[in-house]
Structures are given as structure tokens and as C-alpha cells.
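Worksheet for the structure shown next.
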Amino acid sequence: MRTKRVGLSLWFASLILMMVVMPVWLGMQTTVEAATSGPYNRDLNHGYFTGRLDYYGGQVIPGGLDAVNVGQFINEIKGFYNGSNAQRKTGAAFIINTMLEKNAPGSGRALSTSELADWEARVRSPNIVINFNEAYTFCVNSYYQDGLNDNAFFEKSGGGCWRPSDVVGGERVGNSIVFHQKNANGSAGRVLYAIRRACANPVGYYPNGIVGLPEPSFAMNSALSTSVNGASGTSAEAGDSVRFTYTAVNNGPGASDGVSCRIYTRNYPGLQATPPATPVAAGSTPGPAMACPPTFNSGGRVTTSETITATANTTHCRFFVVTPRNQAGGSISRVACVSVHTKPYFRVYGGDVIAGSNFTDPDGVCRPPARGGTNPYYSPGIISWNSGTGGGAGTQLAAFAVGAIDDFTSATGHAATPGSPIVPKGLTFANTATVPASTTYGGIWNSNNIQTCAPNYFALKSGSDPGATLNLNGGGSGSFVHARTGNLNITGGNIANGRKYTIFVDGSVTITGNIQYVGNYNSIADIPSVQIIARNIYVAPGVTRIDGTLIAQPTNATSTDGILYTCSSGTPTPTAAELNGLCRTNMLRVNGAMIARQFKFLRTGGTLRNGTNVEAIGSANLAEGIQYSPEVWLSSPALQPPASGEFNSYTALPPIL
């Protein structure tokens, strides 16, 4: 049945009454009244979508609504909107638009996916209480304008309100679906929106009763994670595959509005120990684009990733900014950095490695090594880089330590055959110890059982002072013993057959040139020998080979000297230029033995990712290679220790490092 909704002045209405018979619209009688401004900035009786005046119409959705819960309500409205019936489709669009508080959008019959998602999020908002069969009294009603395929609001003829119990035109007004603001205690608060069940007409009190559902709060969050070669991490080696993964998610109950996701990139030279604190560091440039929709439904998530190849001596940083953070605005920013390190390592060939043996005291007593209490890392140990399967730092033979052994293998190069000692700890003493971060490698040998000491070499000190600089070039065989108090610079030398040096320096030695044996041996007497004993030994960055024995003996049991530095021009800390220059490009090879209170392996060439279990001392990937060569034990040194008693046997042991 069609009925006439009024909004003209009285004289124009009278003219209409002379031409038509006044019908009754669903039992609700109307009278002529003047047009007034209505909800959503539309005059009463003017179409919501078209803005045109049409007094005739019927139910917004014929047959009304049957829903008794949120899911049914959403499905019912969506079904009408997606259906083929023009009246129901327009009615559903009218309901959705007005619930979204849109102000007469004109073309709003066609709703976007994001608008539909926003509407559904508002209906499902936990901040709303919905009564699906509430006795609700309303003073503003709505109807379908069948001449315009539109919907409009109107007031009761003569003023007043409709009560659920009212019977108009033989039909009871009935109850409504009413949306309330939820109070703090969870009860239903003020009315936000209402729909008369019998005809799906949006209804309410005017002017404050026809309002939409409030936009539910949203809470954007973001994450920025890093992985290296597929495993989570923030440290890489040059050539590794580094992935940055960006995630934006809405953790709030409502749909987001106008969200943007932006990625920025900044690569720093060297190590950036502390990531920048600012949301986006100065000097950053836009990174890869992220397909970030402006609207995230509750729980909506978008993830993208970026994969790069790690560049040596670089810290790769990425910044991720999501705006707005919530309905109040703001942004949420994340930063993640991956620093690209080289992991240089040393390897020992033909000898053992021991950490925790003392030098013999001046009184001739060999005392057990000091231990660091219950913490194995405060006791003498061996620490380097290793893959756990033999690639990296290690020794062909045995490893001993009274402290932890970390990333250093024994039995390198051995085949994995039954009964054969194999990496990573086949020849590591106390290799069953359970030490944090070192269970793969063992260590923690009982120091009370270690009574092995290096000799007190300075007890044998004698010879002439060579001055502040010494070169070991020279022809002819012979023994040369030097002793100096103060520092000494050894500029290297080619050691001729049969030439033997023992050099004592009660100070620091800096070796600035290669020391190497250059002849072919026809007899044991031809084998040369070089022994350098000092309080500290510095091997300059340009040195690539040393043949002989290097001993850095501390002044006494409590002194801090006795350190051997493998890449330094005479200072404990190499310069950045040295570490990134010759210390990186020059491998150091020692054919002999090294003994010291502490070693500072400072060569930076090569890196763990390229290491293998079987690489030889000539491998270009080694930072330092130490080979216990036959010359050490076949050649008689320039200074022989004093003989005492009668020899019953003679045994050659590998050196102590």
C-alpha cells in the first residue's frame, strides 16, 4: 500500500487533496505539515540519496527484519544489499550509510568494500549493546520513496511519537532493534540507532535520536624482524642473505581509517652499535613500497619482506612507520638493524693449543694457573669463531683449557671414521664439560691437575745490546745472542742457513718485516733458528710471515704484560685504518711456535662462512695460521739451557700456546 508523506505548506497540500484521495500507509495516518530540516541534513520527505521530494512510499524493506543476533543481522542486511530487488537493495544501502553517520552521500547506494567492512566492524563493536526486540518509542520514522527508489525521514502527523503498543491502520507498531552505547558496567546506555523490525525503517528521537554507530576504536601495531640465512638474527657476514620482514596489524575492535605504511632505509659504514632512537634517522631514503590498505578490519594483517645481500663492514638499518596509530592519530615506528661483521679465525697445524699454563716463577716453582672462581669465562680459555663442524678456528691436534673453549675445534681435518678422533672436540681435553655456550666444544680441564709450565726464559738472559733497531739479514752461519732493556724494533730479515738468533728484550718488540728461513738444508746444522723473548710482542700489519718462536713472557705473576698482538704497530689497540686495511688484506703465517700470557689475534681477513674443516695453512680465508714446523725441534737454538745431570732419554713435545 502506498501512503503520502507530507512536507509542503498548507495551501499546496490543499491543492493536492483536491486531486487525489489520501491513502493510509501501513495504518499510520498522516496530515499536511510544513517541511523542516531533518536528520543527516536532509529536509523531511526528501530522499536521502537524491535529495528530491516524494511523499509516497512504503516499507524500507518489505517484510522487515527477522534477525535475533548480530551475525543474522549482518547477513540479512548484506543479503538485501547484494540482492536483485531494487527496493531492498536501496533500503539496505540506506541503513548502512546512516549507521556509518554519512551525511547524504548522494551516490552512496554503491558501497565500497572498505565501507562495508567499516559498517560490519561498528555493528560488531564490543562497545555496543544490541537489543533485538526492544519496546522502543520513537518520534521520527522513515519510508521508501517508490517513485524515486530512495528513502526519506518523516514525522508523525500532528506531532508526537509512536509507541510499540500503538495500533495504526489495524497494525501494531511493534518492537525495534535498538543499538545502545555500552556503559562502563556493561549495561545498555543511550540509544545510538534503532530500526523498526516490522518494516526495517530506521527510527528514533529527533533531532538527537537519528545518529549512526560510533566508529569503533582501532589500534594499529607493527613489527619489524630480521633474519640471516633463514634464521632469526641481527649479525651477518658479508655475502649472507638478510631479510627484513614488516608486519602491520590492527589489534583494535574496529576498522582502521586511512592507514599508510612506509619503509625507510639507512646503511651505516662500520658498526652502528645502538640503533637510532628517532622514528626515521636523518639521511634515510624511501625503501620498498608496501601494499598497505587504508582500512584494516579488526585483526587485519599485512606482511611484506625485503631480502638483501649483506655488505661487508656495514650496518643495514630499516625503519617502519605506520600512520595513524589509532583514531586519535599519531604513528608507530619500528627500527631494526643488521650489522655485517667478518668473523676471522686462526688455525694451528702440527701442534697442540693450551690455555691456562703458567710461566715458571723466578724461584723455579711451577704453580697451578689462577681460575676465575666458579665462572669458566674468568679462567684462561680459547675463544674464536667456528661452525661447529670444523670450519673455522681449530687445531689439528689437541686443545686444553682450564676455562671455556668456545668456537675452537680439535682434531680438524680428521676423517669421520669409527675410532678416529673427529671434530669438533675429538682431541679436546675435558670435552664433556657443560659450560654455557661451549657445550659443543668442551673445556674446563681440572686446573689442579695442570702442572705444566713454560720455562722462565728471562732466567737465561744474556748477550749484547743490539740498539733500538735490529735487522736479521746476514750471511754465514753462527749463533747470535742479544739482550736489551727497553723497546726493540725488528725490521725482519732473511735468515741464512746455520744462522741462529736468541733475542731477549726486557720491554716490547715490534716486528715490522718478514722473518723467514730462505735456504735449503743439507744437514741438521744448516737449519736456522730464531727465538724472540720479550715482555710484549707486536706484529705489524705489513708482516705476512715469521719463521721461529715468539715468546711474550710477563714481568711477574701479577703484571699485565706478556701479550702477543698479531696485527699492531706497537699499540695495544690497532687503528681503524689498520684493521680495515693491511690487517684485513694480509694473512699472518707463523712457522714455529707462539707462547704468551695472552694472545690478541687481530687479523681481520677471511670470514667463518667460507671456512672448511680441511683447509690448509695456505688458505686465503685464514686470518692467522700457526704451523709447528720441524725446524723448531730439529735446530739447536743460539742459547742452550745449562745442562744438569745425566740424560736417560730425550722427548720432543709440541709447543705450549
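Going through the C-alpha cells in order, the chains are called A, B, and so on, while each chain numbers its residues from 1 and the ligands are numbered from 1 in the order shown.
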Given only C-alpha atoms, how would the per-residue table for region 121-188 of chain A near region 58-77 of chain A read, listing every residue at most 12 Å away with its closest atom pair and distance in Å to one decimal, sorted by chain and number, as a tab-separated table?
residue	atom	partner	partner_atom	distance
A:Ala121	CA	A:Ile74	CA	10.2
A:Arg122	CA	A:Ile74	CA	10.8
A:Val123	CA	A:Val70	CA	7.3
A:Arg124	CA	A:Val70	CA	6.9
A:Ser125	CA	A:Val70	CA	10.2
A:Pro126	CA	A:Val70	CA	11.3
A:Ile128	CA	A:Val70	CA	11.0
A:Val129	CA	A:Val70	CA	10.3
A:Ile130	CA	A:Val70	CA	8.0
A:Asn131	CA	A:Val68	CA	8.6
A:Phe132	CA	A:Val68	CA	5.5
A:Asn133	CA	A:Val68	CA	7.8
A:Glu134	CA	A:Val68	CA	11.2
A:Asn141	CA	A:Val60	CA	10.3
A:Ser142	CA	A:Val60	CA	7.3
A:Tyr143	CA	A:Val60	CA	5.2
A:Tyr144	CA	A:Val60	CA	4.7
A:Gln145	CA	A:Gly58	CA	7.0
A:Asp146	CA	A:Gly58	CA	7.3
A:Gly147	CA	A:Gly58	CA	10.6
A:Asn149	CA	A:Val60	CA	10.1
A:Asp150	CA	A:Val60	CA	9.0
A:Asn151	CA	A:Val60	CA	7.0
A:Ala152	CA	A:Val60	CA	9.2
A:Phe153	CA	A:Val60	CA	10.6
A:Gly174	CA	A:Gly64	CA	11.4
A:Asn175	CA	A:Leu65	CA	11.2
A:Ser176	CA	A:Leu65	CA	9.6
A:Ile177	CA	A:Val68	CA	8.8
A:Val178	CA	A:Val68	CA	11.5
A:Phe179	CA	A:Val70	CA	10.8
DSSP says helix (DSSP H, G or I) for which residues of region 508-596 of chain A? Put them as a PyMOL selection string? chain A and resi 524-526+576-580+582-585
Taking the DSSP assignment computed from this structure's backbone, write out as a PyMOL selection string all residues of region 534-639 of chain A that belong to strand (DSSP E). chain A and resi 534-539+545-552+563-565+588-596+598-600+624-627
At what distance in Å, to one decimal, does CA of Gly300 (chain A) lie from CA of Ser331 (chain A)?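 Value for the CA of Ser331 (chain A)-CA of Gly300 (chain A) distance: 17.5 Å.
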Return the single residue from A:Ser568, A:Ser523, A:Ser37, A:Ser387 that is closest to Asn613 (chain A), with distances computed using only C-alpha atoms.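 Between A:Ser568, A:Ser523, A:Ser37, A:Ser387, the residue approaching Asn613 (chain A) most closely is A:Ser387.
Going from CA of Val242 (chain A) to CA of Tyr441 (chain A) covers 27.8 Å.
Using only C-alpha atoms, the residues found no farther than 10 Å from Arg609 (chain A), other than those of its own chain fewer than 5 positions away, are A:Ala236, A:Glu237, A:Ala238, A:Gly239, A:Asp240, A:Thr342, A:Lys343, A:Pro344, A:Trp385, A:Asn386, A:Ser387, A:Gly391, A:Gly392, A:Asn621.
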Which residues, written as a ChimeraX atom specification, have at least one atom at most 7 Å from Arg484 (chain A), with only C-alpha atoms counted and residues fewer than 3 positions away on the same chain left out? /A:465-466,504-506
Considering only C-alpha atoms, return as a PyMOL selection string whatever protein or nucleic-acid residues lie within 10 Å of Thr412 (chain A), sequence-local ones (same chain, fewer than 5 positions apart) excluded. chain A and resi 347-349+389-398+421-427+612-615
Same residues, N, CA, C and O atoms, saved as an mmCIF file, in the first residue's frame:
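Contents of result.cif, freshly written:
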data_model
loop_
_atom_site.group_PDB
_atom_site.id
_atom_site.type_symbol
_atom_site.label_atom_id
_atom_site.label_comp_id
_atom_site.auth_asym_id
_atom_site.auth_seq_id
_atom_site.Cartn_x
_atom_site.Cartn_y
_atom_site.Cartn_z
ATOM 1 N N ARG A 347 94.067 -20.876 12.769
ATOM 2 C CA ARG A 347 94.163 -22.328 12.828
ATOM 3 C C ARG A 347 95.594 -22.730 13.147
ATOM 4 O O ARG A 347 96.550 -22.041 12.767
ATOM 5 N N VAL A 348 95.704 -23.860 13.853
ATOM 6 C CA VAL A 348 97.003 -24.366 14.285
ATOM 7 C C VAL A 348 97.236 -25.717 13.627
ATOM 8 O O VAL A 348 96.342 -26.570 13.612
ATOM 9 N N TYR A 349 98.434 -25.893 13.098
ATOM 10 C CA TYR A 349 98.788 -27.113 12.376
ATOM 11 C C TYR A 349 100.001 -27.767 13.033
ATOM 12 O O TYR A 349 100.993 -27.099 13.345
ATOM 13 N N THR A 389 81.258 -27.700 12.968
ATOM 14 C CA THR A 389 81.575 -28.915 12.225
ATOM 15 C C THR A 389 82.998 -28.883 11.688
ATOM 16 O O THR A 389 83.350 -29.650 10.803
ATOM 17 N N GLY A 390 83.813 -27.965 12.209
ATOM 18 C CA GLY A 390 85.219 -27.920 11.836
ATOM 19 C C GLY A 390 85.609 -26.719 11.029
ATOM 20 O O GLY A 390 86.787 -26.362 10.975
ATOM 21 N N GLY A 391 84.684 -26.088 10.329
ATOM 22 C CA GLY A 391 85.002 -24.882 9.593
ATOM 23 C C GLY A 391 85.276 -23.750 10.552
ATOM 24 O O GLY A 391 84.480 -23.467 11.440
ATOM 25 N N GLY A 392 86.441 -23.093 10.399
ATOM 26 C CA GLY A 392 86.786 -22.012 11.301
ATOM 27 C C GLY A 392 87.985 -22.356 12.152
ATOM 28 O O GLY A 392 88.858 -23.141 11.762
ATOM 29 N N ALA A 393 88.046 -21.773 13.356
ATOM 30 C CA ALA A 393 89.216 -21.904 14.216
ATOM 31 C C ALA A 393 89.341 -23.324 14.757
ATOM 32 O O ALA A 393 88.351 -23.974 15.079
ATOM 33 N N GLY A 394 90.592 -23.782 14.881
ATOM 34 C CA GLY A 394 90.812 -25.100 15.434
ATOM 35 C C GLY A 394 92.256 -25.508 15.322
ATOM 36 O O GLY A 394 93.112 -24.779 14.810
ATOM 37 N N THR A 395 92.543 -26.701 15.816
ATOM 38 C CA THR A 395 93.879 -27.265 15.745
ATOM 39 C C THR A 395 93.806 -28.692 15.221
ATOM 40 O O THR A 395 92.826 -29.405 15.464
ATOM 41 N N GLN A 396 94.876 -29.089 14.515
ATOM 42 C CA GLN A 396 94.932 -30.461 14.020
ATOM 43 C C GLN A 396 95.023 -31.467 15.161
ATOM 44 O O GLN A 396 94.552 -32.592 15.032
ATOM 45 N N LEU A 397 95.644 -31.032 16.269
ATOM 46 C CA LEU A 397 95.871 -31.963 17.368
ATOM 47 C C LEU A 397 94.983 -31.597 18.548
ATOM 48 O O LEU A 397 93.794 -31.410 18.395
ATOM 49 N N ALA A 398 95.584 -31.478 19.748
ATOM 50 C CA ALA A 398 94.782 -31.377 20.968
ATOM 51 C C ALA A 398 94.581 -29.939 21.411
ATOM 52 O O ALA A 398 95.369 -29.040 21.087
ATOM 53 N N PRO A 421 89.485 -39.778 16.216
ATOM 54 C CA PRO A 421 89.048 -38.529 16.849
ATOM 55 C C PRO A 421 88.586 -37.546 15.780
ATOM 56 O O PRO A 421 89.303 -37.306 14.805
ATOM 57 N N ILE A 422 87.402 -37.014 15.931
ATOM 58 C CA ILE A 422 86.844 -36.142 14.902
ATOM 59 C C ILE A 422 86.410 -34.823 15.512
ATOM 60 O O ILE A 422 86.266 -34.681 16.725
ATOM 61 N N VAL A 423 86.250 -33.849 14.644
ATOM 62 C CA VAL A 423 85.752 -32.554 15.086
ATOM 63 C C VAL A 423 84.308 -32.720 15.561
ATOM 64 O O VAL A 423 83.601 -33.634 15.115
ATOM 65 N N PRO A 424 83.865 -31.856 16.482
ATOM 66 C CA PRO A 424 84.539 -30.632 16.918
ATOM 67 C C PRO A 424 85.423 -30.775 18.154
ATOM 68 O O PRO A 424 86.126 -29.829 18.503
ATOM 69 N N LYS A 425 85.416 -31.937 18.825
ATOM 70 C CA LYS A 425 86.162 -31.999 20.078
ATOM 71 C C LYS A 425 86.790 -33.368 20.305
ATOM 72 O O LYS A 425 86.939 -33.826 21.434
ATOM 73 N N GLY A 426 87.178 -33.999 19.184
ATOM 74 C CA GLY A 426 87.739 -35.334 19.315
ATOM 75 C C GLY A 426 89.031 -35.386 20.096
ATOM 76 O O GLY A 426 89.375 -36.419 20.679
ATOM 77 N N LEU A 427 89.796 -34.285 20.119
ATOM 78 C CA LEU A 427 91.044 -34.235 20.881
ATOM 79 C C LEU A 427 91.026 -33.057 21.857
ATOM 80 O O LEU A 427 92.058 -32.485 22.172
ATOM 81 N N THR A 612 86.304 -24.209 5.988
ATOM 82 C CA THR A 612 86.014 -25.636 5.882
ATOM 83 C C THR A 612 86.888 -26.398 6.867
ATOM 84 O O THR A 612 87.890 -25.882 7.361
ATOM 85 N N ASN A 613 86.528 -27.636 7.118
ATOM 86 C CA ASN A 613 87.281 -28.462 8.066
ATOM 87 C C ASN A 613 88.648 -28.851 7.532
ATOM 88 O O ASN A 613 89.565 -29.125 8.294
ATOM 89 N N VAL A 614 88.806 -28.880 6.222
ATOM 90 C CA VAL A 614 90.031 -29.434 5.638
ATOM 91 C C VAL A 614 90.938 -28.367 5.042
ATOM 92 O O VAL A 614 91.903 -28.703 4.357
ATOM 93 N N GLU A 615 90.707 -27.090 5.286
ATOM 94 C CA GLU A 615 91.541 -26.083 4.638
ATOM 95 C C GLU A 615 92.964 -26.111 5.201
ATOM 96 O O GLU A 615 93.184 -26.289 6.402
#
For Pro369 (chain A), which of A:Gly159, A:Gly186, A:Tyr268, A:Arg597 is the closest residue, counting only C-alpha atoms?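 Closest to Pro369 (chain A), using only C-alpha atoms: A:Arg597.
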With distances taken over only C-alpha atoms, the candidate from A:Ser232, A:Val509, A:Gly493, A:Ile444 nearest Gly475 (chain A) is A:Gly493
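Put simply, CA of Cys337 (chain A) is 9.3 Å away from CA of Ala273 (chain A).
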Surrounding residues of Ala577 (chain A) excluding itself and chain neighbours under 4 positions, 12 Å, only C-alpha atoms, as a PyMOL selection string: chain A and resi 270+541+567-569+573+581-585+604
Looking at A:Gly388, A:Gly492, A:Pro202, A:Pro455, which one is nearest to Ser357 (chain A), with distances taken over only C-alpha atoms?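 Among the listed residues, the smallest separation from Ser357 (chain A) belongs to A:Pro455.
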I need the residue nearest Ile308 (chain A) from this list: A:Val173, A:Val340, A:Val321, A:Met99. Use only C-alpha atoms for the distance. A:Val340
Within 10 Å of Leu213 (chain A) using only C-alpha atoms, minus same-chain residues under 2 positions, as JSON, numbers by chain: {"A": [96, 98, 99, 100, 101, 119, 122, 123, 125, 128, 179, 180, 181, 191, 192, 193, 210, 211, 215, 216]}
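Nearest to Asn358 (chain A) of all the residues A:Gln87, A:Asn267, A:Asn556, A:Thr315 is A:Asn556, based on only C-alpha atoms.
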